[in-house]
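**Q** The structure file upload19.txt (compact mmCIF, C-alpha atoms and all ligand atoms) is provided below.
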# COMPACT_ATOMS: atom_id res chain seq x y z
CA MET A 107 -8.20 -0.87 -14.06
CA ASP A 108 -8.80 1.35 -11.04
CA GLY A 109 -9.84 -1.42 -8.67
CA ALA A 110 -6.79 -3.60 -9.28
CA PHE A 111 -4.49 -0.62 -9.19
CA ASP A 112 -6.00 0.71 -6.00
CA ARG A 113 -5.96 -2.58 -4.15
CA ARG A 114 -2.33 -3.18 -5.05
CA ARG A 115 -1.44 0.23 -3.68
CA ASP A 116 -3.53 -0.31 -0.58
CA GLN A 117 -1.76 -3.52 0.36
CA ALA A 118 1.69 -2.04 0.10
CA PRO A 119 1.70 1.63 1.02
CA VAL A 120 5.11 3.24 1.08
CA ILE A 121 5.79 5.46 4.02
CA SER A 122 7.53 8.56 2.87
CA SER A 123 11.06 8.67 4.17
CA ARG A 124 11.31 12.36 3.27
CA ASN A 125 13.02 14.41 5.87
CA GLY A 126 12.14 17.83 7.07
CA ASN A 127 13.93 20.92 6.03
CA GLY A 128 15.06 23.00 8.98
CA VAL A 129 12.36 21.57 11.21
CA LEU A 130 12.86 20.45 14.77
CA VAL A 131 12.12 16.78 14.50
CA PRO A 132 12.01 15.16 17.90
CA THR A 133 14.90 12.75 18.37
CA ALA A 134 14.65 12.00 22.07
CA MET A 135 12.03 11.96 24.77
CA ALA A 136 11.99 15.07 26.90
CA SER A 137 12.91 14.42 30.52
CA THR A 138 10.09 14.29 33.03
CA GLN A 139 11.32 17.48 34.71
CA SER A 140 10.80 19.46 31.52
CA ARG A 141 7.55 17.96 30.35
CA LEU A 142 4.88 20.01 28.61
CA SER A 143 1.18 19.82 29.43
CA LEU A 144 -0.91 17.69 27.08
CA SER A 145 -3.45 20.37 26.36
CA PRO A 146 -2.85 24.08 25.86
CA ASN A 147 -4.01 26.74 28.28
CA THR A 148 -6.12 28.64 25.78
CA GLU A 149 -6.88 31.48 28.24
CA HIS A 150 -3.18 32.27 28.59
CA LYS A 151 -1.72 35.08 26.50
CA PRO A 152 1.87 34.11 25.60
CA ASP A 153 4.77 36.52 25.99
CA SER A 154 6.66 37.83 22.98
CA TYR A 155 10.26 36.63 22.62
CA GLU A 156 11.12 38.66 19.51
CA ASP A 157 13.64 40.88 21.36
CA LEU A 158 15.76 38.03 22.70
CA PRO A 159 18.84 36.58 20.98
CA LEU A 160 17.56 32.98 20.75
CA GLU A 161 18.81 30.04 18.71
CA PHE A 162 15.23 29.08 17.81
CA ASP A 163 12.45 31.06 16.18
CA PRO A 164 10.90 33.39 18.83
CA LEU A 165 7.45 32.41 17.52
CA LEU A 166 8.17 28.83 18.52
CA PHE A 167 8.57 29.97 22.13
CA SER A 168 5.28 31.88 22.01
CA CYS A 169 3.50 28.82 20.56
CA LEU A 170 5.01 26.43 23.10
CA GLU A 171 4.21 28.69 26.03
CA ARG A 172 0.54 27.68 26.24
CA TYR A 173 1.68 24.10 26.86
CA LEU A 174 3.89 24.92 29.85
CA PRO A 175 2.99 23.17 33.09
CA PRO A 176 1.01 25.55 35.37
CA SER A 177 3.90 26.12 37.77
CA VAL A 178 6.15 27.35 34.96
CA LEU A 179 3.44 29.24 33.08
CA THR A 180 3.21 31.81 35.86
CA SER A 181 6.97 32.20 36.32
CA SER A 182 9.15 34.97 34.88
CA ARG A 183 9.79 35.25 31.16
CA ASP A 184 13.44 34.27 31.73
CA SER A 185 12.46 31.09 33.56
CA LYS A 186 10.00 30.21 30.83
CA VAL A 187 12.65 30.71 28.15
CA GLU A 188 15.08 28.54 30.05
CA PHE A 189 12.49 25.77 30.44
CA MET A 190 11.51 25.84 26.76
CA ARG A 191 15.11 26.10 25.53
CA ASP A 192 15.89 23.02 27.58
CA ILE A 193 13.20 21.07 25.72
CA LEU A 194 14.07 22.44 22.30
CA LEU A 195 17.80 21.81 22.66
CA LYS A 196 17.14 18.12 23.22
CA TYR A 197 15.92 17.99 19.67
CA SER A 198 18.84 19.84 18.20
CA PRO A 199 21.92 17.70 18.74
CA GLU A 200 25.27 18.71 17.26
CA GLY A 201 24.66 16.86 13.98
CA GLU A 202 21.40 18.64 13.44
CA ARG A 203 23.05 22.00 14.13
CA VAL A 204 25.82 21.32 11.62
CA ARG A 205 23.24 20.20 9.03
CA ALA A 206 21.20 23.35 9.63
CA GLN A 207 24.32 25.53 9.30
CA LYS A 208 25.27 23.83 6.00
CA HIS A 209 21.77 24.33 4.70
CA ARG A 210 21.85 28.02 5.65
CA GLU A 211 25.12 28.41 3.73
CA TYR A 212 23.63 26.57 0.72
CA ARG A 213 20.66 28.94 0.70
CA GLU A 214 22.82 32.05 1.12
CA LYS A 215 24.98 31.00 -1.84
CA ILE A 216 21.95 30.54 -4.10
CA ILE A 217 20.28 33.77 -3.00
CA ALA A 218 23.51 35.74 -3.58
CA HIS A 219 23.71 34.55 -7.19
CA TYR A 220 20.20 33.80 -8.44
CA GLN A 221 18.42 36.70 -10.17
CA PRO A 222 14.63 36.44 -9.64
CA LEU A 223 12.49 36.84 -12.74
CA HIS A 224 9.26 37.95 -11.06
CA LYS A 225 10.25 40.00 -8.01
CA GLU A 226 6.56 40.43 -7.12
CA LEU A 227 6.49 36.76 -6.07
CA TYR A 228 8.96 37.34 -3.25
CA SER A 229 6.61 39.25 -0.96
CA MET A 230 2.92 38.86 -0.28
CA HIS A 231 0.56 40.72 -2.63
CA ALA A 232 -2.68 39.01 -1.71
CA THR A 233 -4.95 40.75 -4.22
CA ASP A 234 -2.59 39.90 -7.08
CA PHE A 235 -2.15 36.29 -5.96
CA PHE A 236 -5.54 35.03 -4.84
CA ASP A 237 -8.97 34.60 -6.33
CA SER A 238 -11.43 37.14 -4.87
CA SER A 239 -13.73 34.41 -3.46
CA PHE A 240 -10.81 32.95 -1.50
CA LEU A 241 -9.79 36.39 -0.19
CA LYS A 242 -13.34 37.10 0.93
CA ALA A 243 -13.54 33.81 2.85
CA ILE A 244 -10.19 34.49 4.54
CA HIS A 245 -11.25 38.00 5.41
CA GLU A 246 -14.47 36.73 7.04
CA ASN A 247 -12.43 34.07 8.83
CA THR A 248 -15.25 31.78 9.92
CA GLU A 249 -15.88 28.08 9.39
CA GLU A 250 -18.97 29.05 7.42
CA SER A 251 -17.03 31.37 5.09
CA PHE A 252 -14.34 28.71 4.45
CA ARG A 253 -16.90 26.00 3.80
CA SER A 254 -18.87 28.29 1.49
CA ILE A 255 -16.03 28.23 -1.09
CA MET A 256 -15.05 24.59 -0.55
CA SER A 257 -16.11 21.12 -1.56
CA GLU A 258 -15.33 18.20 0.72
CA PRO A 259 -15.39 15.20 -1.64
CA ALA A 260 -14.27 12.87 1.19
CA PRO A 261 -13.99 13.59 4.92
CA GLY A 262 -10.97 15.80 5.60
CA ILE A 263 -10.23 16.61 1.95
CA PHE A 264 -11.12 20.14 0.90
CA THR A 265 -10.93 21.63 -2.57
CA PHE A 266 -11.44 25.23 -3.61
CA LYS A 267 -10.45 27.86 -6.15
CA MET A 268 -7.47 29.72 -4.75
CA LEU A 269 -5.04 31.33 -7.19
CA ARG A 270 -5.30 33.93 -9.91
CA PRO A 271 -4.08 32.68 -13.31
CA GLU A 272 -1.45 35.48 -13.37
CA PHE A 273 0.14 34.16 -10.18
CA CYS A 274 0.26 30.62 -11.61
CA ASP A 275 1.89 31.96 -14.74
CA TRP A 276 4.52 33.97 -12.82
CA LEU A 277 5.41 31.02 -10.62
CA LEU A 278 5.66 28.64 -13.59
CA LYS A 279 7.96 31.12 -15.34
CA GLU A 280 10.02 31.57 -12.16
CA VAL A 281 10.57 27.82 -11.88
CA GLU A 282 11.51 27.73 -15.57
CA ASN A 283 14.00 30.52 -14.84
CA ILE A 284 15.40 28.53 -11.90
CA ASP A 285 15.83 25.49 -14.17
CA LYS A 286 17.64 27.62 -16.75
CA TRP A 287 19.92 29.08 -14.06
CA VAL A 288 20.71 25.61 -12.72
CA ILE A 289 21.72 24.41 -16.19
CA GLU A 290 23.79 27.53 -16.95
CA THR A 291 25.64 27.59 -13.63
CA GLN A 292 25.76 23.80 -13.28
CA CYS A 293 24.79 24.38 -9.66
CA LYS A 294 23.67 21.22 -7.89
CA ILE A 295 20.38 22.04 -6.17
CA MET A 296 18.31 20.06 -3.72
CA ARG A 297 15.10 18.77 -5.27
CA PRO A 298 11.78 18.92 -3.42
CA ASN A 299 12.07 15.50 -1.76
CA THR A 300 13.26 11.94 -2.21
CA MET A 301 10.43 11.09 -4.58
CA ASN A 302 10.30 14.19 -6.81
CA ARG A 303 13.35 14.84 -8.97
CA TYR A 304 11.91 17.81 -10.86
CA GLY A 305 10.92 21.16 -9.46
CA ALA A 306 12.42 23.44 -6.83
CA VAL A 307 12.36 24.16 -3.13
CA LEU A 308 11.12 27.74 -3.17
CA GLY A 309 12.63 28.82 0.16
CA ASP A 310 16.10 27.99 -1.15
CA PHE A 311 15.56 30.63 -3.82
CA GLY A 312 14.49 33.36 -1.40
CA MET A 313 10.72 32.97 -1.39
CA ASP A 314 10.35 32.21 2.32
CA THR A 315 9.09 35.67 3.32
CA MET A 316 6.12 35.27 0.99
CA LEU A 317 5.59 31.60 1.86
CA ASP A 318 5.70 32.27 5.62
CA LYS A 319 2.87 34.75 5.10
CA LEU A 320 1.00 32.28 2.93
CA MET A 321 1.12 29.72 5.71
CA GLU A 322 0.50 32.09 8.61
CA ASP A 323 -2.23 34.28 7.15
CA PHE A 324 -3.99 31.89 4.78
CA VAL A 325 -3.33 28.20 5.51
CA ARG A 326 -3.24 28.43 9.31
CA PRO A 327 -6.60 30.21 9.80
CA ILE A 328 -8.31 27.53 7.70
CA SER A 329 -6.41 24.68 9.36
CA LYS A 330 -7.24 26.05 12.80
CA VAL A 331 -10.89 25.42 12.00
CA LEU A 332 -10.70 22.29 9.85
CA PHE A 333 -7.67 20.43 11.23
CA SER A 334 -7.41 21.51 14.85
CA GLU A 335 -6.81 17.92 16.08
CA VAL A 336 -3.53 17.66 14.12
CA GLY A 337 -2.07 21.00 15.20
CA GLY A 338 -3.82 23.11 12.57
CA SER A 339 -3.81 26.18 14.80
CA THR A 340 -0.11 25.92 15.67
CA LEU A 341 1.45 25.43 12.23
CA ASP A 342 4.83 27.11 12.59
CA SER A 343 7.08 25.93 9.76
CA HIS A 344 6.78 24.63 6.24
CA HIS A 345 8.64 22.92 3.43
CA SER A 346 7.37 24.45 0.21
CA PHE A 347 8.14 23.46 -3.33
CA VAL A 348 6.95 23.15 -6.90
CA VAL A 349 6.77 19.65 -8.36
CA GLN A 350 6.78 19.01 -12.09
CA TYR A 351 5.49 16.03 -14.03
CA GLY A 352 5.57 15.17 -17.74
CA ILE A 353 6.82 12.55 -20.15
CA ALA A 354 10.36 13.96 -20.01
CA LYS A 355 10.22 14.36 -16.21
CA ASP A 356 8.74 12.38 -13.33
CA VAL A 357 5.49 10.84 -14.48
CA GLU A 358 3.79 9.70 -11.26
CA LEU A 359 4.25 9.64 -7.51
CA GLY A 360 3.98 6.52 -5.34
CA PHE A 361 1.70 5.98 -2.38
CA HIS A 362 2.92 7.91 0.66
CA VAL A 363 2.17 10.19 3.58
CA ASP A 364 3.67 13.68 3.75
CA ASP A 365 6.10 14.95 6.36
CA SER A 366 3.50 17.53 7.34
CA GLU A 367 0.51 18.06 9.58
CA VAL A 368 -1.43 19.86 6.83
CA THR A 369 -0.63 19.88 3.12
CA LEU A 370 -1.73 22.56 0.66
CA ASN A 371 -1.41 21.44 -2.95
CA VAL A 372 -2.36 23.91 -5.70
CA CYS A 373 -2.28 23.13 -9.39
CA LEU A 374 -0.43 25.77 -11.42
CA GLY A 375 -1.17 24.20 -14.82
CA GLU A 376 -0.42 23.89 -17.63
CA ALA A 377 -2.28 21.71 -20.15
CA PHE A 378 -2.11 18.03 -19.14
CA SER A 379 -4.11 14.88 -18.81
CA GLY A 380 -3.89 12.26 -16.07
CA GLY A 381 -2.06 13.09 -12.84
CA GLU A 382 -5.06 12.36 -10.59
CA LEU A 383 -4.43 12.14 -6.87
CA PHE A 384 -5.69 9.00 -5.15
CA PHE A 385 -6.49 9.09 -1.43
CA ARG A 386 -6.82 6.13 0.91
CA GLY A 387 -7.66 7.32 4.41
CA VAL A 388 -5.76 8.97 7.26
CA ARG A 389 -3.41 6.83 9.36
CA CYS A 390 -1.10 7.29 12.33
CA GLU A 391 2.41 5.82 12.17
CA LYS A 392 1.39 2.50 13.69
CA HIS A 393 -1.46 1.98 11.23
CA VAL A 394 0.10 3.36 8.05
CA ASN A 395 -0.01 -0.01 6.31
CA THR A 396 -3.51 -1.08 7.31
CA GLU A 397 -6.32 -1.83 4.89
CA THR A 398 -8.40 0.86 3.22
CA GLN A 399 -12.13 1.00 3.95
CA PRO A 400 -14.31 1.50 0.83
CA GLU A 401 -15.53 4.91 2.03
CA GLU A 402 -11.91 6.12 2.24
CA ILE A 403 -11.28 5.78 -1.49
CA LEU A 404 -11.16 9.05 -3.39
CA ASP A 405 -9.73 10.06 -6.74
CA TYR A 406 -9.27 13.73 -7.46
CA SER A 407 -8.44 15.38 -10.80
CA HIS A 408 -6.33 18.52 -10.51
CA VAL A 409 -7.77 21.76 -11.86
CA PRO A 410 -5.38 24.66 -12.54
CA GLN A 411 -5.69 27.45 -9.91
CA HIS A 412 -7.55 25.11 -7.58
CA ALA A 413 -6.21 23.90 -4.24
CA ILE A 414 -6.61 20.68 -2.34
CA LEU A 415 -6.03 20.78 1.41
CA HIS A 416 -5.58 17.62 3.47
CA ARG A 417 -3.86 16.20 6.54
CA GLY A 418 -0.28 15.16 5.88
CA ARG A 419 -1.11 11.71 7.24
CA HIS A 420 -3.84 11.24 4.61
CA ARG A 421 -2.35 8.46 2.48
CA HIS A 422 -2.13 9.44 -1.17
CA GLY A 423 -0.24 9.26 -4.43
CA ALA A 424 -0.40 10.74 -7.93
CA ARG A 425 -1.26 8.80 -11.06
CA ALA A 426 0.74 9.16 -14.25
CA THR A 427 0.52 12.47 -16.09
CA THR A 428 -0.11 10.97 -19.51
CA THR A 429 0.15 14.02 -21.76
CA GLY A 430 1.47 17.54 -21.34
CA ASN A 431 3.15 18.99 -18.26
CA ARG A 432 1.73 19.40 -14.78
CA SER A 433 3.20 21.65 -12.10
CA ASN A 434 1.89 22.02 -8.56
CA LEU A 435 2.77 24.31 -5.68
CA ILE A 436 2.95 22.31 -2.45
CA LEU A 437 3.25 23.49 1.14
CA TRP A 438 3.96 20.85 3.77
CA CYS A 439 2.91 22.76 6.89
CA ARG A 440 4.15 21.55 10.26
CA SER A 441 3.45 22.14 13.92
CA SER A 442 6.35 21.62 16.32
CA VAL A 443 3.91 21.71 19.25
CA PHE A 444 1.78 18.93 17.74
CA ARG A 445 4.89 16.81 17.05
CA GLU A 446 6.09 17.23 20.62
CA LEU A 447 2.70 16.30 22.09
CA LYS A 448 2.28 13.30 19.78
CA LYS A 449 5.22 11.64 21.54
CA TYR A 450 3.14 11.25 24.70
CA GLN A 451 0.05 9.84 23.01
CA LYS A 452 -1.03 6.40 21.84
CA ASP A 453 -4.61 6.89 20.75
CA PHE A 454 -5.13 8.99 17.64
CA SER A 455 -8.81 8.22 17.14
CA SER A 456 -9.55 11.92 16.63
CA TRP A 457 -7.90 11.64 13.18
CA CYS A 458 -6.55 8.13 12.38
CA GLY A 459 -9.18 6.03 10.56
CA GLU A 460 -7.82 2.76 11.98
CA CYS A 461 -7.58 4.02 15.60
CA GLN A 462 -11.22 5.10 15.16
CA ARG A 463 -12.26 1.69 13.80
CA GLU A 464 -10.50 -0.14 16.63
CA LYS A 465 -12.09 2.12 19.22
CA LYS A 466 -15.55 1.53 17.78
CA GLU A 467 -14.91 -2.21 17.74
CA ARG A 468 -13.87 -2.11 21.42
CA GLN A 469 -17.01 -0.14 22.29
CA GLN A 470 -19.24 -2.57 20.40
CA LEU A 471 -17.64 -5.54 22.15
CA SER A 472 -18.12 -3.92 25.51
CA ILE A 473 -21.78 -3.12 24.74
CA ALA A 474 -22.34 -6.72 23.62
CA ALA A 475 -20.69 -8.04 26.80
CA THR A 476 -22.82 -5.75 28.99
CA LYS A 477 -25.98 -6.85 27.16
CA GLU A 478 -25.09 -10.50 27.64
CA GLU A 479 -24.43 -9.87 31.33
CA LEU A 480 -27.80 -8.13 31.72
CA LEU A 481 -29.64 -10.91 29.87
CA LYS A 482 -27.95 -13.47 32.08
CA LYS A 483 -29.03 -11.58 35.20
CA ASP A 484 -32.57 -11.24 33.78
CA GLY A 485 -32.71 -15.00 33.14
CA GLU A 486 -31.49 -15.72 36.66
CA SER A 487 -34.12 -13.50 38.30
CA VAL A 488 -36.95 -15.03 36.17
CA SER A 489 -35.96 -18.60 37.09
O1 LIG B 501 1.56 15.42 -7.53
C1 LIG B 501 0.82 15.88 -6.68
O2 LIG B 501 -0.09 16.66 -6.93
C2 LIG B 501 1.02 15.46 -5.26
C3 LIG B 501 2.43 15.60 -4.78
C4 LIG B 501 2.57 15.12 -3.39
O3 LIG B 501 1.76 14.40 -2.88
C5 LIG B 501 3.75 15.51 -2.61
O4 LIG B 501 4.68 16.08 -3.16
O5 LIG B 501 3.74 15.26 -1.40
FE FE B 502 2.21 14.10 -0.87
Let me see whether you can do it: turn the structure in this file into structure tokens.

**A**
Amino acid sequence: MDGAFDRRRDQAPVISSRNGNGVLVPTAMASTQSRLSLSPNTEHKPDSYEDLPLEFDPLLFSCLERYLPPSVLTSSRDSKVEFMRDILLKYSPEGERVRAQKHREYREKIIAHYQPLHKELYSMHATDFFDSSFLKAIHENTEESFRSIMSEPAPGIFTFKMLRPEFCDWLLKEVENIDKWVIETQCKIMRPNTMNRYGAVLGDFGMDTMLDKLMEDFVRPISKVLFSEVGGSTLDSHHSFVVQYGIAKDVELGFHVDDSEVTLNVCLGEAFSGGELFFRGVRCEKHVNTETQPEEILDYSHVPQHAILHRGRHRHGARATTTGNRSNLILWCRSSVFRELKKYQKDFSSWCGECQREKKERQQLSIAATKEELLKKDGESVS
């Protein structure tokens, strides 16, 4: 059954049309005057912008700073802010500002009325949340320490034990409490994305402080090492949610790519069968519908408390949860710097499987042509 199922999916992947949540999604090319450098100046120590009244996250300015062209990089902090604001504003037209304002009001309304069940979930308590092996690896903060707790069943897909069962239980109960509150108040809430109708966007319920920490202090250090070519070290925003599957809910999830650079997906439980993730290789936008190579096929069965970490552009879907209920915590982590830089690039062979294949093919053709040329020359000199 797998082969037929997989091939059908591979021929007709569905690109996720999910939109970001409060993320600066580029809508226009930046003008040449305010162009960023393609590669960061890693020696440069960025300024802090925390004390300025800015319309964008001060951290975004600090992250962008390393990409300033050399002439601007050495200018005053005010000039740098002006330059970066100019770029950022291009991506925040009036409509986007109104949408962001509406979303802020929506969140404020929920947070003013929703009573959290487990208050401990709303700030970071690492020792209560994470498995000790995961904490140790994060504390050591080396590629070796991360790899020592991980399996890599296919290139670029990492799995590891991450959460304590108590945390999973609290979060499951919190989502249950959210569901109850939604029914009681008849409040219309936004669901995680266009493909998942069950679950909740955790930031909308006030969990962003904890989730920001989760991304910054736990996902980003790992991504910096394992996913540096897709902006792993500059992850600066996230869309985080719990998805729920079961007979009475959504059962499966179609083939898609995430609106993220790096996705963390952790199984919270409970008892279930089915629900395997199927992966079919990493693709850039241009190649999202191209064929899967046999070595790109991977099926993964979720294990409660265990995480799977992958590039957002790694094509995947979830098979039917056939019995019981499955809930997963998902963080779509994004890098505004990476998204900005991507606009100026055409070759993504450092991470897109198809760009890589095409590049190899070009190299092989050129080697063959050179060989032929040499043989011809050899033949000529012999005769
Ligand atoms: O069901 C899962 O575990 C995967 C969900 C997923 O891929 C997504 O929400 O982007
Ligand atoms: Fe996904």

**Q** Please return as number ranges by chain the residues found within 7 Å of ligand LIG 501 (chain B), counting only C-alpha atoms and all ligand atoms.

**A** A: 302, 349, 359, 364, 371, 381, 383, 422-424, 434, 436

**Q** If I put a ball of radius 12 Å at (2.6, 27.3, -12.2) in the file's coordinates, which residues poke into it when counting all atoms listed in the file, written as an MDAnalysis selection string?

**A** chainID A and resid 227 235 269:282 305:306 347:351 371:377 409:412 431:436

**Q** Next, the residues of the selection above should be written as a CSV table (one decimal), keeping the file's coordinate frame with C-alpha atoms.

**A**
chain,number,residue,atom,x,y,z
A,227,LEU,CA,6.5,36.8,-6.1
A,235,PHE,CA,-2.2,36.3,-6.0
A,269,LEU,CA,-5.0,31.3,-7.2
A,270,ARG,CA,-5.3,33.9,-9.9
A,271,PRO,CA,-4.1,32.7,-13.3
A,272,GLU,CA,-1.4,35.5,-13.4
A,273,PHE,CA,0.1,34.2,-10.2
A,274,CYS,CA,0.3,30.6,-11.6
A,275,ASP,CA,1.9,32.0,-14.7
A,276,TRP,CA,4.5,34.0,-12.8
A,277,LEU,CA,5.4,31.0,-10.6
A,278,LEU,CA,5.7,28.6,-13.6
A,279,LYS,CA,8.0,31.1,-15.3
A,280,GLU,CA,10.0,31.6,-12.2
A,281,VAL,CA,10.6,27.8,-11.9
A,282,GLU,CA,11.5,27.7,-15.6
A,305,GLY,CA,10.9,21.2,-9.5
A,306,ALA,CA,12.4,23.4,-6.8
A,347,PHE,CA,8.1,23.5,-3.3
A,348,VAL,CA,7.0,23.2,-6.9
A,349,VAL,CA,6.8,19.6,-8.4
A,350,GLN,CA,6.8,19.0,-12.1
A,351,TYR,CA,5.5,16.0,-14.0
A,371,ASN,CA,-1.4,21.4,-3.0
A,372,VAL,CA,-2.4,23.9,-5.7
A,373,CYS,CA,-2.3,23.1,-9.4
A,374,LEU,CA,-0.4,25.8,-11.4
A,375,GLY,CA,-1.2,24.2,-14.8
A,376,GLU,CA,-0.4,23.9,-17.6
A,377,ALA,CA,-2.3,21.7,-20.2
A,409,VAL,CA,-7.8,21.8,-11.9
A,410,PRO,CA,-5.4,24.7,-12.5
A,411,GLN,CA,-5.7,27.4,-9.9
A,412,HIS,CA,-7.6,25.1,-7.6
A,431,ASN,CA,3.2,19.0,-18.3
A,432,ARG,CA,1.7,19.4,-14.8
A,433,SER,CA,3.2,21.6,-12.1
A,434,ASN,CA,1.9,22.0,-8.6
A,435,LEU,CA,2.8,24.3,-5.7
A,436,ILE,CA,3.0,22.3,-2.4

**Q** Please identify all polymer residues within 12 Å of A:Asp163, counting all atoms listed in the file, omitting same-chain residues fewer than 2 positions from it, and present them as JSON, numbers by chain.

**A** {"A": [128, 129, 130, 154, 155, 156, 157, 158, 159, 160, 161, 165, 166, 167, 168, 169, 170, 187, 190, 191, 194, 342, 343, 442]}

**Q** Kindly indicate which residue among A:Lys483, A:Arg203, A:His420, A:Lys448 lies nearest to ligand FE 502 (chain B), using all atoms listed in the file for the distances.

**A**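 The closest residue to ligand FE 502 (chain B) is A:His420.
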
**Q** Pick the closest to ligand FE 502 (chain B) from A:Glu464, A:Glu401, A:Glu149, A:Glu358: which is it, counting only C-alpha atoms and all ligand atoms?

**A** A:Glu358

**Q** Just how far from atom CA of A:Lys294 is atom CA of A:Gly430, in Å to one decimal?

**A**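 Computing it gives 26.2 Å between the two atoms.
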
**Q** Nearest to A:Arg172 among A:Thr340, A:Glu202, A:Asp323, A:Met301, with distances taken over all atoms listed in the file: which residue is it?

**A**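 Looking at the shortest contact to A:Arg172, the residue is A:Thr340.
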
**Q** Which is closer to A:Thr369 than all the others in A:Ala206, A:Leu341, A:Ala354, A:Met268, using all atoms listed in the file?

**A**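 Among the listed residues, the smallest separation from A:Thr369 belongs to A:Leu341.
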
**Q** Would you list the residues near (-2.2, 20.0, 20.0), meaning any protein, DNA or RNA residue with an atom at most 8 Å from that point in file coordinates, counting all atoms listed in the file, as a PyMOL selection string?

**A** chain A and resi 144-146+334-337+340+443-444+447

**Q** Report the distance between atom CA of A:Pro222 and atom CA of A:Gln207 in Å, rounded to one decimal place.

**A**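 Interatomic distance, atom CA of A:Pro222 to atom CA of A:Gln207: 23.9 Å.
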
**Q** Pick out the closest residue to A:Leu223 from this set: A:Gln462, A:Asn283, A:Thr265, A:Ser254. Count all atoms listed in the file.

**A**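 Among the listed residues, A:Asn283 lies closest to A:Leu223.
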
**Q** So, with all atoms listed in the file as the atoms that count, which of A:Asp310, A:Glu382, A:Glu486, A:Asp153 lies closest to A:Tyr212?

**A**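 The closest residue to A:Tyr212 is A:Asp310.
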
**Q** In Å to one decimal, how far is atom CA of A:Leu415 from atom CA of A:Arg213?

**A**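 Atom-to-atom, atom CA of A:Arg213 to atom CA of A:Leu415, that is 27.9 Å.
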
**Q** Box along x, y and z, 5 Å on every side, all listed atoms of stretch 457-462 of chain A inside: centre and edge lengths in Å to one decimal, as lines of an AutoDock Vina configuration file.

**A**
center_x = -8.9
center_y = 7.2
center_z = 13.1
size_x = 14.7
size_y = 18.9
size_z = 15.0
